[in-house]
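Peer 1: Right, I'll just put the structure down here and ask away after.
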Amino acid sequence: MIAKKNFLEFALKQECIHEGEGLCSHAMIFGENEFQAPIRFLNYTTLPKGASFGAHEHADDNEIYIILEGEGHYECNGELTEVKAGDVLVNPAFATHALYNDSGLDVEMRVLVIEGYNR
């Protein structure tokens, strides 16, 4: 069976993510029961202007942010870097990380999140 979904066709929920600023549009595209690998989920998220993922930590997993549009800042263990469309970020195990759309531009930041356990 082919596992195919179009993330642009999903109904997005408005959520505050990890106690960040503002509301982000968010949908889970695939959950862990849909993978044959140690991956927890694949999400589609939009961070509007001024919104953020609050600083948070995971356990012994890796999380990947793929920036499809927009720009802002990413913070990992206190280190801050600019991000833009095309950037791919790996959140290391046990790292504290956050993502901010603080560019001041009237654009949205789209993020795909894949999280897999280190086993």
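Starting from 1 in every chain, residues are counted up; chains themselves are A, B, ... following the order of the structure tokens, and ligands are numbered from 1 as listed.
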Write out as a PyMOL selection string all residues of chain A that DSSP puts in helix (DSSP H, G or I) for this structure's backbone.
Peer 2: chain A and resi 7-9+32-34
Peer 1: Would you pick out the contacts of Ala85 (chain A) at 7 Å or less, using only C-alpha atoms, so that residues sharing its chain but fewer than 2 positions from it are not included, and give the list as a list of chain:residue names?
Peer 2: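 Counting only the stated atoms, we get A:Ile67, A:Leu68, A:Glu69, A:Gly70, A:Glu71, A:Asp87.
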Peer 1: Considering only C-alpha atoms, return as a list in words whatever protein or nucleic-acid residues lie within 8 Å of Gln14 (chain A), sequence-local ones (same chain, fewer than 3 positions apart) excluded.
Peer 2: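 With the cut-off at 8 Å, the set is Leu23, Cys24, Ser25 and His26 of chain A.
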Peer 1: Can you spit out the residues from that selection as a tab-separated table (two decimals), in the first residue's frame, using C-alpha atoms?
Peer 2:
```tsv
chain	number	residue	atom	x	y	z
A	23	LEU	CA	-1.06	30.81	17.51
A	24	CYS	CA	0.47	28.52	14.91
A	25	SER	CA	-1.45	26.55	12.30
A	26	HIS	CA	-0.72	22.89	12.82
```
Peer 1: Kindly give the distance, in Å, that separates CA of Gly86 (chain A) and CA of Gly104 (chain A), rounded to a single decimal.
Peer 2: 18.9 Å
Peer 1: Would you return as an MDAnalysis selection string the members of region 36-77 of chain A that DSSP assigns to strand (DSSP E or B) on this structure's backbone?
Peer 2: chainID A and resid 39:47 52:57 61:67 71:76
Peer 1: For Asn91 (chain A), please output as an NGL selection string all residues within 12 Å (counting only C-alpha atoms; exclusion window: fewer than 6 positions along the same chain).
Peer 2: :A and (55-66 or 74-77 or 97-99 or 113-117)
Peer 1: Taking only C-alpha atoms into account, name the residue in A:Leu12, A:Met1, A:Gly72, A:Glu79 that is nearest to Gly50 (chain A).
Peer 2: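 Using only C-alpha atoms, Gly50 (chain A) sits closest to A:Gly72.
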Peer 1: Closest to Asn101 (chain A) among A:Glu15, A:Glu32, A:Glu21, A:Glu9, using only C-alpha atoms?
Peer 2: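 So, comparing all the options, the nearest one is A:Glu21.
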Peer 1: When you count only C-alpha atoms, which of these residues is closest to Gly22 (chain A): A:Gly54, A:Gln36, A:Leu8, A:Ala95?
Peer 2: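 Of the candidates, the smallest distance to Gly22 (chain A) is held by A:Gly54.
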